[in-house]
>>> print(open('my_file.txt').read())   # compact mmCIF, C-alpha atoms
# COMPACT_ATOMS: atom_id res chain seq x y z
CA MET A 1 5.64 19.29 -15.80
CA LEU A 2 3.16 16.43 -15.94
CA ILE A 3 4.52 13.14 -14.61
CA PRO A 4 3.10 10.46 -16.92
CA GLU A 5 2.23 7.00 -15.75
CA PRO A 6 4.15 4.44 -17.82
CA GLU A 7 2.09 1.82 -19.61
CA TYR A 8 4.63 -0.85 -18.68
CA PRO A 9 6.39 0.18 -15.44
CA ALA A 10 8.13 -3.17 -14.86
CA VAL A 11 11.85 -2.89 -15.60
CA ALA A 12 13.42 -4.93 -18.39
CA ASP A 13 15.28 -7.25 -16.00
CA TYR A 14 12.27 -7.78 -13.69
CA PRO A 15 12.50 -8.98 -10.96
CA ALA A 16 15.48 -6.80 -10.09
CA GLU A 17 17.14 -5.01 -7.18
CA GLY A 18 16.76 -1.69 -8.99
CA PRO A 19 18.75 1.51 -8.34
CA TYR A 20 17.09 2.29 -5.00
CA SER A 21 17.40 -0.96 -3.09
CA ALA A 22 20.00 0.55 -0.73
CA ASP A 23 17.68 3.53 -0.04
CA ALA A 24 14.87 1.18 0.95
CA ASP A 25 17.13 -0.91 3.16
CA LYS A 26 18.49 2.21 4.90
CA ALA A 27 14.95 3.44 5.60
CA TYR A 28 13.98 -0.01 6.86
CA LYS A 29 16.88 0.00 9.33
CA ALA A 30 15.90 3.47 10.58
CA PHE A 31 12.32 2.29 11.02
CA ARG A 32 13.39 -0.81 12.97
CA ASP A 33 15.63 1.33 15.18
CA GLU A 34 12.63 3.49 16.12
CA LEU A 35 10.52 0.41 16.85
CA ALA A 36 13.14 -0.87 19.29
CA SER A 37 12.57 1.85 21.90
CA VAL A 38 10.23 4.71 22.85
CA GLU A 39 13.13 6.69 24.28
CA GLY A 40 12.81 10.32 23.21
CA TRP A 41 9.15 9.94 22.31
CA GLU A 42 6.42 11.88 24.10
CA ASP A 43 3.17 10.09 24.92
CA GLN A 44 0.27 12.10 23.43
CA GLY A 45 -2.46 9.84 24.76
CA GLU A 46 -5.17 8.03 22.84
CA ARG A 47 -7.19 9.62 20.07
CA GLU A 48 -9.90 7.85 18.09
CA GLY A 49 -8.70 4.50 19.38
CA VAL A 50 -5.09 5.20 18.33
CA GLN A 51 -2.22 5.55 20.80
CA LEU A 52 -0.18 8.53 19.65
CA TRP A 53 3.48 9.28 20.38
CA ARG A 54 5.46 12.25 19.14
CA LYS A 55 9.16 12.97 18.88
CA PRO A 56 9.79 16.74 18.98
CA HIS A 57 11.29 18.11 15.80
CA ASP A 58 14.63 19.86 15.58
CA PRO A 59 13.87 23.54 14.88
CA GLU A 60 16.98 23.77 12.69
CA VAL A 61 15.42 21.43 10.13
CA ARG A 62 11.89 22.75 10.51
CA PRO A 63 9.36 21.65 9.47
CA TRP A 64 9.44 17.89 9.99
CA PHE A 65 7.76 15.59 12.40
CA ARG A 66 8.03 12.03 13.61
CA LEU A 67 5.19 10.09 15.11
CA VAL A 68 4.53 6.53 16.20
CA LEU A 69 1.11 4.99 16.65
CA LEU A 70 0.31 1.73 18.35
CA LEU A 71 -2.93 0.31 17.01
CA ASN A 72 -4.71 -2.91 17.81
CA LEU A 73 -7.56 -4.29 15.77
CA PRO A 74 -9.51 -6.27 18.40
CA PHE A 75 -12.13 -7.93 16.22
CA GLU A 76 -12.52 -11.46 14.97
CA LEU A 77 -12.03 -12.48 11.37
CA THR A 78 -13.80 -15.73 10.55
CA ASN A 79 -13.39 -17.77 7.39
CA LEU A 80 -10.08 -16.18 6.43
CA PRO A 81 -9.16 -16.67 2.75
CA ARG A 82 -6.84 -19.62 2.30
CA THR A 83 -3.96 -20.47 0.01
CA PRO A 84 -4.36 -23.34 -2.47
CA SER A 85 -2.64 -25.66 0.04
CA ASN A 86 -5.30 -24.68 2.62
CA ALA A 87 -3.13 -22.41 4.79
CA PRO A 88 -5.02 -19.28 5.92
CA LEU A 89 -3.79 -15.95 4.61
CA SER A 90 -2.40 -13.95 7.51
CA PHE A 91 -4.27 -11.08 9.11
CA SER A 92 -1.25 -8.91 8.25
CA THR A 93 -1.48 -9.83 4.55
CA LEU A 94 -5.15 -8.83 4.40
CA PHE A 95 -4.58 -5.47 6.08
CA LEU A 96 -1.65 -4.84 3.73
CA ALA A 97 -4.11 -5.21 0.85
CA THR A 98 -6.09 -2.28 2.31
CA ILE A 99 -3.29 0.24 2.79
CA GLN A 100 -1.34 -0.09 -0.48
CA LEU A 101 -3.56 0.71 -3.47
CA PRO A 102 -4.19 4.46 -4.07
CA GLY A 103 -7.91 3.96 -4.76
CA LEU A 104 -8.37 2.37 -1.34
CA ARG A 105 -5.94 4.75 0.36
CA LYS A 106 -8.07 7.72 -0.69
CA ARG A 107 -10.85 6.27 1.42
CA TRP A 108 -8.82 6.68 4.60
CA ASP A 109 -6.15 9.30 3.83
CA SER A 110 -7.80 12.69 3.26
CA ARG A 111 -4.46 14.31 2.33
CA MET A 112 -3.77 12.11 -0.68
CA GLN A 113 -4.53 13.75 -4.04
CA MET A 114 -3.21 11.14 -6.47
CA GLY A 115 -0.49 8.59 -6.96
CA HIS A 116 0.87 6.18 -9.55
CA MET A 117 3.77 3.83 -10.20
CA LEU A 118 6.91 4.99 -12.01
CA ALA A 119 8.95 1.76 -12.12
CA ARG A 120 8.34 -1.73 -10.82
CA TYR A 121 11.24 -3.90 -9.73
CA SER A 122 9.23 -6.81 -8.28
CA ARG A 123 5.74 -7.49 -7.00
CA THR A 124 6.71 -5.97 -3.62
CA PHE A 125 9.16 -3.21 -4.61
CA TYR A 126 8.45 -0.21 -6.83
CA GLU A 127 9.03 3.51 -7.35
CA PHE A 128 6.03 5.86 -7.27
CA TYR A 129 4.94 9.47 -7.61
CA SER A 130 2.24 10.95 -5.38
CA GLU A 131 0.71 14.32 -4.60
CA LEU A 132 -0.59 15.53 -1.25
CA LYS A 133 -3.29 18.19 -0.99
CA GLY A 134 -2.39 21.69 0.17
CA VAL A 135 -4.05 23.46 3.10
CA SER A 136 -6.35 26.19 1.73
CA TRP A 137 -4.41 28.91 -0.13
CA LEU A 138 -1.72 29.14 2.52
CA VAL A 139 0.18 25.95 1.72
CA TYR A 140 1.04 24.59 -1.72
CA PRO A 141 0.35 20.92 -2.45
CA ARG A 142 3.31 18.62 -1.84
CA PHE A 143 4.65 15.89 -4.07
CA LEU A 144 6.80 12.85 -3.41
CA VAL A 145 9.06 10.69 -5.54
CA ALA A 146 9.67 7.60 -3.46
CA VAL A 147 9.95 3.83 -3.35
CA THR A 148 7.92 1.33 -1.38
CA LYS A 149 9.11 -2.12 -0.38
CA THR A 150 7.58 -4.93 1.64
CA TYR A 151 9.72 -6.87 4.11
CA ARG A 152 8.46 -10.11 5.66
CA GLU A 153 9.84 -11.34 8.98
CA GLY A 154 9.28 -15.11 8.72
CA GLY A 155 6.83 -17.27 6.80
CA VAL A 156 3.05 -17.45 6.45
CA GLY A 157 1.21 -15.64 9.24
CA SER A 158 4.28 -13.67 10.26
CA GLU A 159 5.09 -9.99 10.66
CA ILE A 160 5.04 -7.69 7.63
CA ASN A 161 6.80 -4.34 7.34
CA LEU A 162 5.90 -1.87 4.58
CA ILE A 163 8.53 0.85 4.04
CA GLN A 164 8.45 4.04 1.95
CA THR A 165 11.25 6.56 1.45
CA SER A 166 12.06 9.42 -0.92
CA VAL A 167 14.60 8.84 -3.70
CA GLU A 168 16.51 11.15 -6.03
CA ASP A 169 15.29 10.30 -9.51
CA PRO A 170 17.03 12.61 -12.03
CA SER A 171 14.18 12.15 -14.51
CA ILE A 172 11.64 13.83 -12.18
CA GLY A 173 12.07 17.59 -11.97
CA GLU A 174 10.31 20.20 -9.86
CA GLN A 175 6.56 20.65 -10.31
CA ALA A 176 4.91 24.01 -10.93
CA GLY A 177 2.68 25.06 -8.03
CA LYS A 178 3.89 22.18 -5.84
CA THR A 179 6.67 21.73 -3.29
CA ARG A 180 8.76 18.57 -3.11
CA ALA A 181 8.48 16.91 0.29
CA THR A 182 11.17 14.65 1.69
CA LEU A 183 10.02 11.38 3.21
CA TYR A 184 12.93 10.13 5.32
CA PHE A 185 10.85 7.06 6.03
CA GLY A 186 7.28 6.01 6.56
CA GLY A 187 6.82 2.50 7.88
CA TRP A 188 4.02 0.15 8.83
CA GLN A 189 4.65 -2.80 11.13
CA LEU A 190 1.84 -5.36 10.89
CA LYS A 191 2.44 -7.83 13.69
CA PRO A 192 0.01 -10.65 14.51
CA GLN A 193 -0.73 -11.02 18.23
CA GLY A 194 -2.92 -14.04 18.76
CA ASP A 195 -6.21 -13.35 16.95
CA ASP A 196 -5.44 -9.63 16.75
CA LEU A 197 -3.09 -7.47 14.72
CA ALA A 198 -0.82 -4.87 16.28
CA VAL A 199 -0.27 -2.06 13.79
CA THR A 200 2.50 0.45 14.37
CA TYR A 201 3.05 3.36 11.99
CA VAL A 202 6.13 5.58 12.19
CA VAL A 203 6.71 8.56 9.90
CA ARG A 204 9.45 11.13 9.58
CA ILE A 205 8.85 13.66 6.82
CA ALA A 206 10.01 17.16 5.89
CA LEU A 207 7.23 19.06 4.14
CA ASN A 208 9.78 21.74 3.12
CA GLY A 209 8.92 25.24 2.04
CA SER A 210 7.36 27.86 4.31
CA ILE A 211 4.51 26.62 6.47
CA PRO A 212 3.08 28.33 9.58
CA MET A 213 3.85 26.27 12.69
CA ALA A 214 0.14 26.03 13.56
CA LEU A 215 -0.49 24.23 10.26
CA VAL A 216 2.54 21.99 10.78
CA ASN A 217 1.06 20.90 14.10
CA GLN A 218 -2.34 20.35 12.48
CA ILE A 219 -0.89 18.13 9.76
CA ALA A 220 1.27 16.35 12.32
CA VAL A 221 -1.85 15.17 14.13
CA GLU A 222 -3.97 14.47 11.03
CA THR A 223 -1.33 12.25 9.45
CA PRO A 224 -1.17 9.53 12.13
CA LEU A 225 -4.91 9.59 12.74
CA CYS A 226 -5.30 8.39 9.14
CA THR A 227 -4.05 5.07 10.47
CA GLY A 228 -7.18 4.81 12.56
CA HIS A 229 -9.22 5.62 9.47
CA ALA A 230 -7.47 2.75 7.66
CA ARG A 231 -8.68 0.46 10.43
CA ASP A 232 -12.21 1.76 9.95
CA VAL A 233 -12.08 1.18 6.17
CA PHE A 234 -10.74 -2.33 6.72
CA ASN A 235 -13.59 -3.05 9.14
CA SER A 236 -16.34 -1.64 6.92
CA VAL A 237 -15.12 -2.03 3.31
CA GLY A 238 -12.58 -4.84 3.64
CA HIS A 239 -9.45 -5.59 1.64
CA ALA A 240 -8.68 -5.55 -2.08
CA PRO A 241 -8.21 -8.84 -3.97
CA TYR A 242 -4.79 -10.29 -3.22
CA VAL A 243 -2.54 -12.41 -5.43
CA ILE A 244 -1.56 -15.73 -3.89
CA VAL A 245 0.96 -18.13 -5.36
CA ASP A 246 1.40 -21.57 -3.81
CA ALA A 247 4.38 -23.59 -4.99
CA ALA A 248 3.01 -26.63 -3.12
CA ARG A 249 0.22 -26.78 -5.68
CA GLY A 250 2.45 -26.13 -8.67
CA HIS A 251 1.56 -22.45 -8.84
CA SER A 252 4.28 -20.16 -10.14
CA GLU A 253 5.00 -16.55 -11.09
CA SER A 254 7.65 -17.65 -13.58
CA GLY A 255 7.05 -15.75 -16.80
CA ILE A 256 4.47 -13.44 -15.13
CA ILE A 257 5.50 -9.79 -14.91
CA PHE A 258 3.08 -7.72 -12.83
CA GLN A 259 2.68 -4.21 -14.24
CA HIS A 260 -0.25 -2.40 -12.59
CA GLU A 261 -2.87 -2.82 -9.89
CA PHE A 262 -5.78 -0.42 -9.49
CA PHE A 263 -8.78 -0.04 -7.21
CA SER A 264 -11.74 2.20 -8.05
CA ASP A 265 -11.19 5.78 -6.90
CA PRO A 266 -14.22 7.22 -5.06
CA THR A 267 -13.08 10.78 -5.90
CA ALA A 268 -12.79 10.24 -9.68
CA GLY A 269 -16.46 10.64 -10.49
CA THR A 270 -17.40 7.07 -9.65
CA SER A 271 -19.82 5.96 -6.98
CA ALA A 272 -18.33 5.64 -3.50
CA ASP A 273 -19.87 2.18 -3.47
CA GLU A 274 -18.18 1.08 -6.70
CA ARG A 275 -15.72 -1.67 -5.90
CA LYS A 276 -13.61 -2.59 -8.88
CA TYR A 277 -10.13 -4.09 -8.81
CA SER A 278 -8.00 -4.47 -11.91
CA CYS A 279 -4.59 -5.98 -12.51
CA ALA A 280 -2.39 -5.87 -15.62
CA PHE A 281 0.52 -8.18 -16.29
CA THR A 282 2.62 -9.34 -19.21
CA THR A 283 3.68 -12.90 -19.91
CA SER A 284 6.56 -14.64 -21.63
CA ASN A 285 6.23 -18.13 -20.21
CA THR A 286 6.92 -21.31 -22.14
CA THR A 287 4.94 -23.56 -19.77
CA PRO A 288 1.43 -23.13 -18.29
CA VAL A 289 1.18 -20.93 -15.19
CA GLU A 290 -1.49 -20.79 -12.47
CA PHE A 291 -2.10 -18.41 -9.59
CA GLU A 292 -5.10 -17.09 -7.65
CA PHE A 293 -6.71 -13.94 -6.31
CA ALA A 294 -8.28 -14.18 -2.85
CA TYR A 295 -11.16 -11.75 -2.39
CA ASP A 296 -13.10 -10.52 0.64
CA GLN A 297 -16.56 -12.07 0.52
CA LYS A 298 -17.55 -10.74 3.94
CA ARG A 299 -17.23 -6.99 3.45
CA MET A 300 -15.80 -6.03 0.05
CA PHE A 301 -17.92 -8.38 -2.10
CA PRO A 302 -20.70 -9.86 0.09
CA GLY A 303 -22.86 -10.51 -2.98
CA GLY A 304 -20.13 -12.21 -4.98
CA VAL A 305 -17.92 -11.03 -7.84
CA ASP A 306 -17.87 -10.75 -11.59
CA ALA A 307 -14.44 -11.49 -13.06
CA SER A 308 -13.30 -10.83 -16.62
CA VAL A 309 -10.08 -11.08 -18.60
CA VAL A 310 -8.74 -9.34 -21.71
CA GLY A 311 -5.98 -11.31 -23.40
CA GLU A 312 -5.71 -14.49 -25.42
CA GLY A 313 -4.65 -17.75 -23.81
CA VAL A 314 -5.82 -16.84 -20.29
CA SER A 315 -8.86 -18.22 -18.47
CA LEU A 316 -10.55 -17.39 -15.16
CA GLU A 317 -12.56 -19.53 -12.79
CA VAL A 318 -14.50 -18.02 -9.86
CA ASP A 319 -14.82 -20.23 -6.78
CA GLU A 320 -17.49 -18.49 -4.68
CA LYS A 321 -17.27 -21.08 -1.90
CA GLU A 322 -13.56 -20.41 -1.35
CA ALA A 323 -13.74 -16.72 -2.37
CA LYS A 324 -11.04 -17.10 -5.02
CA VAL A 325 -10.46 -16.40 -8.69
CA LEU A 326 -8.17 -18.96 -10.34
CA VAL A 327 -6.06 -17.69 -13.25
CA LYS A 328 -4.68 -20.13 -15.82
CA VAL A 329 -2.17 -18.91 -18.39
CA GLU A 330 -1.35 -21.09 -21.39
CA GLY A 331 2.29 -21.84 -22.13
CA GLY A 332 3.90 -20.05 -25.02
CA ARG A 333 1.62 -17.00 -25.03
CA GLU A 334 3.05 -13.48 -24.81
CA GLY A 335 1.67 -9.99 -24.30
CA LEU A 336 -0.49 -7.95 -21.96
CA VAL A 337 -3.31 -9.42 -19.84
CA LYS A 338 -5.88 -7.37 -17.95
CA ILE A 339 -8.03 -8.90 -15.22
CA THR A 340 -10.95 -7.16 -13.54
CA ILE A 341 -12.71 -8.28 -10.37
CA GLN A 342 -15.73 -6.25 -9.28
CA LYS A 343 -18.92 -6.37 -7.31
CA LYS A 344 -21.42 -8.69 -8.93
CA VAL A 345 -24.33 -6.97 -10.66
CA GLN A 346 -27.49 -8.32 -9.06
>>> encode(input="my_file.txt", output="structure tokens")
Amino acid sequence: MLIPEPEYPAVADYPAEGPYSADADKAYKAFRDELASVEGWEDQGEREGVQLWRKPHDPEVRPWFRLVLLLNLPFELTNLPRTPSNAPLSFSTLFLATIQLPGLRKRWDSRMQMGHMLARYSRTFYEFYSELKGVSWLVYPRFLVAVTKTYREGGVGSEINLIQTSVEDPSIGEQAGKTRATLYFGGWQLKPQGDDLAVTYVVRIALNGSIPMALVNQIAVETPLCTGHARDVFNSVGHAPYVIVDAARGHSESGIIFQHEFFSDPTAGTSADERKYSCAFTTSNTTPVEFEFAYDQKRMFPGGVDASVVGEGVSLEVDEKEAKVLVKVEGGREGLVKITIQKKVQ
């Protein structure tokens, strides 16, 4: 059974709590409980600059594993992108823009096969489908039906928590040649510490099915080390363009319904150096709306960007000095808008 990607994943009453808000909140609480103490966790030492901890699995619910990684990114970021009211975007916000989009995730997570959105409840809460690669012929690929939600602890420059957890969606059946995995929770804590960012990743997942214990242990180590690879991608490639809305400057999301965000997939036949971001949204506003995209001019787009829009009544303005793309939407227009931001052709 092929799981199609909806053209318009945003729900009719967007923004909405959706049917899985309680699932996300439960997973968030479990994640925060694990962050509160290392009791029961075994120190596995440091690997590839990542501090690894492991909580032994219960053999009665084999196979599942839980791991926590403590990661610091001890490098300086100068000239951070700023909001329209001149407040710098937080380090945590920029790293979040590296770990979310599937096209970027494939650059640091070797187990990810594909992923797409099923339903969008807000800009920071949506349901998704993803597939994880198998291990040779011994282990079938796994698939997940889950939600992801972003929780912010405080205002600008504060801690961000990204939570994912499996949900029971009756519209998604079993998949031929694949085994459904159960993600109890996977969580990222992005916590600014001075000029650095402390990144903690905790995951508890049941891969289900029959898997040799040696392969379970292999996957258990590979999974958290992907976090270190995310750090490496952030250092070398940078972050994807990020939507910023500043009420202090009259910016607003009223009447803007975000549908999709994509980043070029290096495994889909495109060049590994292709860097293309696209965003699709629908509008139903009666008054003009403005918002911006902040882009990474240091690593992602050092030579500048080309920005384009498909849709009537919408204009773009690239500010290379501030590394921003300003979007202006006329009042009274309706329909789909597609924006593309990519590496400038020299």
>>> closest_residue(input="my_file.txt", among="A:Val167, A:Ala30, A:Leu190, A:Ile3", to="Gly115 in chain A", atoms="only C-alpha atoms")
A:Ile3
>>> closest_residue(input="my_file.txt", among="A:Gln346, A:Ala27, A:Val305, A:Thr282", to="Glu317 in chain A", atoms="all atoms listed in the file")
A:Val305
>>> atom_distance(input="my_file.txt", atom1="CA of Gly173 in chain A", atom2="CA of Tyr8 in chain A")
21.0 Å
>>> axis_aligned_box(input="my_file.txt", around="range 223-228 of chain A", padding_each_side="3 Å", output="JSON")
{"center_x": -4.2, "center_y": 8.5, "center_z": 10.9, "size_x": 12.0, "size_y": 13.4, "size_z": 9.6}
>>> atom_distance(input="my_file.txt", atom1="CA of Lys133 in chain A", atom2="CA of Met112 in chain A")
6.1 Å
>>> closest_residue(input="my_file.txt", among="A:Pro56, A:Tyr129, A:Pro288, A:Cys279", to="Gln44 in chain A", atoms="only C-alpha atoms")
A:Pro56
>>> closest_residue(input="my_file.txt", among="A:Phe143, A:Phe263, A:Phe291, A:Phe281", to="Glu7 in chain A", atoms="only C-alpha atoms")
A:Phe281
>>> closest_residue(input="my_file.txt", among="A:Ile341, A:Ala230, A:Met213, A:Ile205", to="Thr182 in chain A", atoms="all atoms listed in the file")
A:Ile205
>>> atom_distance(input="my_file.txt", atom1="CA of Ser284 in chain A", atom2="CA of Gly335 in chain A")
7.3 Å
>>> closest_residue(input="my_file.txt", among="A:Asp23, A:Glu5, A:Glu312, A:Glu222", to="Leu183 in chain A", atoms="only C-alpha atoms")
A:Asp23
>>> residues_near_point(input="my_file.txt", point="(-11.7, -4.0, -1.0)", cutoff="9 Å", atoms="all atoms listed in the file", output="compact mmCIF listing (two decimals) with C-alpha atoms, keeping the file's coordinate frame")
# COMPACT_ATOMS: atom_id res chain seq x y z
CA ALA A 97 -4.11 -5.21 0.85
CA THR A 98 -6.09 -2.28 2.31
CA LEU A 104 -8.37 2.37 -1.34
CA VAL A 233 -12.08 1.18 6.17
CA PHE A 234 -10.74 -2.33 6.72
CA VAL A 237 -15.12 -2.03 3.31
CA GLY A 238 -12.58 -4.84 3.64
CA HIS A 239 -9.45 -5.59 1.64
CA ALA A 240 -8.68 -5.55 -2.08
CA PRO A 241 -8.21 -8.84 -3.97
CA PHE A 263 -8.78 -0.04 -7.21
CA ARG A 275 -15.72 -1.67 -5.90
CA LYS A 276 -13.61 -2.59 -8.88
CA TYR A 277 -10.13 -4.09 -8.81
CA TYR A 295 -11.16 -11.75 -2.39
CA ASP A 296 -13.10 -10.52 0.64
CA ARG A 299 -17.23 -6.99 3.45
CA MET A 300 -15.80 -6.03 0.05
CA PHE A 301 -17.92 -8.38 -2.10
>>> residues_around(input="my_file.txt", residues="Glu17 in chain A", least_positions_apart="5", cutoff="10 Å", atoms="all atoms listed in the file", output="PyMOL selection string")
chain A and resi 22+121-122+125-126
>>> residues_around(input="my_file.txt", residues="Glu131 in chain A", least_positions_apart="2", cutoff="10 Å", atoms="all atoms listed in the file", output="list in words")
Arg111, Met112, Gln113, Met114, Gly115, His116, Tyr129, Lys133, Gly134, Pro141, Arg142, Phe143, Leu144, Val145, Lys178, Thr179, Arg180 and Ala181 of chain A
>>> residues_around(input="my_file.txt", residues="Ile160 in chain A", least_positions_apart="6", cutoff="12 Å", atoms="all atoms listed in the file", output="mmCIF file with C-alpha atoms, in the frame of the given file")
data_model
loop_
_atom_site.group_PDB
_atom_site.id
_atom_site.type_symbol
_atom_site.label_atom_id
_atom_site.label_comp_id
_atom_site.auth_asym_id
_atom_site.auth_seq_id
_atom_site.Cartn_x
_atom_site.Cartn_y
_atom_site.Cartn_z
ATOM 1 C CA TYR A 28 13.980 -0.010 6.860
ATOM 2 C CA SER A 90 -2.400 -13.950 7.510
ATOM 3 C CA PHE A 91 -4.270 -11.080 9.110
ATOM 4 C CA SER A 92 -1.250 -8.910 8.250
ATOM 5 C CA THR A 93 -1.480 -9.830 4.550
ATOM 6 C CA LEU A 94 -5.150 -8.830 4.400
ATOM 7 C CA PHE A 95 -4.580 -5.470 6.080
ATOM 8 C CA LEU A 96 -1.650 -4.840 3.730
ATOM 9 C CA ALA A 97 -4.110 -5.210 0.850
ATOM 10 C CA THR A 124 6.710 -5.970 -3.620
ATOM 11 C CA LYS A 149 9.110 -2.120 -0.380
ATOM 12 C CA THR A 150 7.580 -4.930 1.640
ATOM 13 C CA TYR A 151 9.720 -6.870 4.110
ATOM 14 C CA ARG A 152 8.460 -10.110 5.660
ATOM 15 C CA GLU A 153 9.840 -11.340 8.980
ATOM 16 C CA GLY A 154 9.280 -15.110 8.720
ATOM 17 C CA GLY A 187 6.820 2.500 7.880
ATOM 18 C CA TRP A 188 4.020 0.150 8.830
ATOM 19 C CA GLN A 189 4.650 -2.800 11.130
ATOM 20 C CA LEU A 190 1.840 -5.360 10.890
ATOM 21 C CA LYS A 191 2.440 -7.830 13.690
ATOM 22 C CA PRO A 192 0.010 -10.650 14.510
ATOM 23 C CA LEU A 197 -3.090 -7.470 14.720
ATOM 24 C CA ALA A 198 -0.820 -4.870 16.280
ATOM 25 C CA VAL A 199 -0.270 -2.060 13.790
ATOM 26 C CA THR A 200 2.500 0.450 14.370
#
>>> build_atoms(input="my_file.txt", residues="range 123-143 of chain A", atoms="N, CA and C atoms", output="compact mmCIF listing (two decimals), in the frame of the given file")
# COMPACT_ATOMS: atom_id res chain seq x y z
N ARG A 123 7.13 -7.64 -7.44
CA ARG A 123 5.74 -7.49 -7.00
C ARG A 123 5.64 -6.70 -5.69
N THR A 124 6.74 -6.63 -4.93
CA THR A 124 6.71 -5.97 -3.62
C THR A 124 7.66 -4.79 -3.51
N PHE A 125 8.21 -4.31 -4.65
CA PHE A 125 9.16 -3.21 -4.61
C PHE A 125 8.99 -2.36 -5.86
N TYR A 126 8.64 -1.08 -5.68
CA TYR A 126 8.45 -0.21 -6.83
C TYR A 126 8.65 1.26 -6.46
N GLU A 127 8.90 2.06 -7.49
CA GLU A 127 9.03 3.51 -7.35
C GLU A 127 7.68 4.14 -7.71
N PHE A 128 7.32 5.23 -7.01
CA PHE A 128 6.03 5.86 -7.27
C PHE A 128 6.12 7.37 -7.15
N TYR A 129 5.13 8.03 -7.72
CA TYR A 129 4.94 9.47 -7.61
C TYR A 129 3.59 9.71 -6.96
N SER A 130 3.52 10.64 -6.00
CA SER A 130 2.24 10.95 -5.38
C SER A 130 2.17 12.44 -5.04
N GLU A 131 0.96 12.93 -4.96
CA GLU A 131 0.71 14.32 -4.60
C GLU A 131 -0.19 14.38 -3.37
N LEU A 132 0.16 15.30 -2.47
CA LEU A 132 -0.59 15.53 -1.25
C LEU A 132 -1.29 16.88 -1.34
N LYS A 133 -2.52 16.96 -0.90
CA LYS A 133 -3.29 18.19 -0.99
C LYS A 133 -2.65 19.30 -0.15
N GLY A 134 -2.82 20.54 -0.61
CA GLY A 134 -2.39 21.69 0.17
C GLY A 134 -3.42 21.99 1.26
N VAL A 135 -3.13 23.02 2.04
CA VAL A 135 -4.05 23.46 3.10
C VAL A 135 -4.53 24.85 2.74
N SER A 136 -5.75 24.94 2.22
CA SER A 136 -6.35 26.19 1.73
C SER A 136 -5.36 26.87 0.77
N TRP A 137 -5.30 28.19 0.77
CA TRP A 137 -4.41 28.91 -0.13
C TRP A 137 -3.06 29.19 0.51
N LEU A 138 -2.93 28.82 1.78
CA LEU A 138 -1.72 29.14 2.52
C LEU A 138 -0.56 28.20 2.20
N VAL A 139 -0.87 26.96 1.87
CA VAL A 139 0.18 25.95 1.72
C VAL A 139 0.01 25.24 0.38
N TYR A 140 1.06 25.28 -0.45
CA TYR A 140 1.04 24.59 -1.72
C TYR A 140 0.89 23.07 -1.51
N PRO A 141 0.32 22.38 -2.50
CA PRO A 141 0.35 20.92 -2.45
C PRO A 141 1.79 20.42 -2.42
N ARG A 142 2.00 19.24 -1.87
CA ARG A 142 3.31 18.62 -1.84
C ARG A 142 3.33 17.43 -2.79
N PHE A 143 4.53 17.09 -3.28
CA PHE A 143 4.65 15.89 -4.07
C PHE A 143 5.84 15.08 -3.58
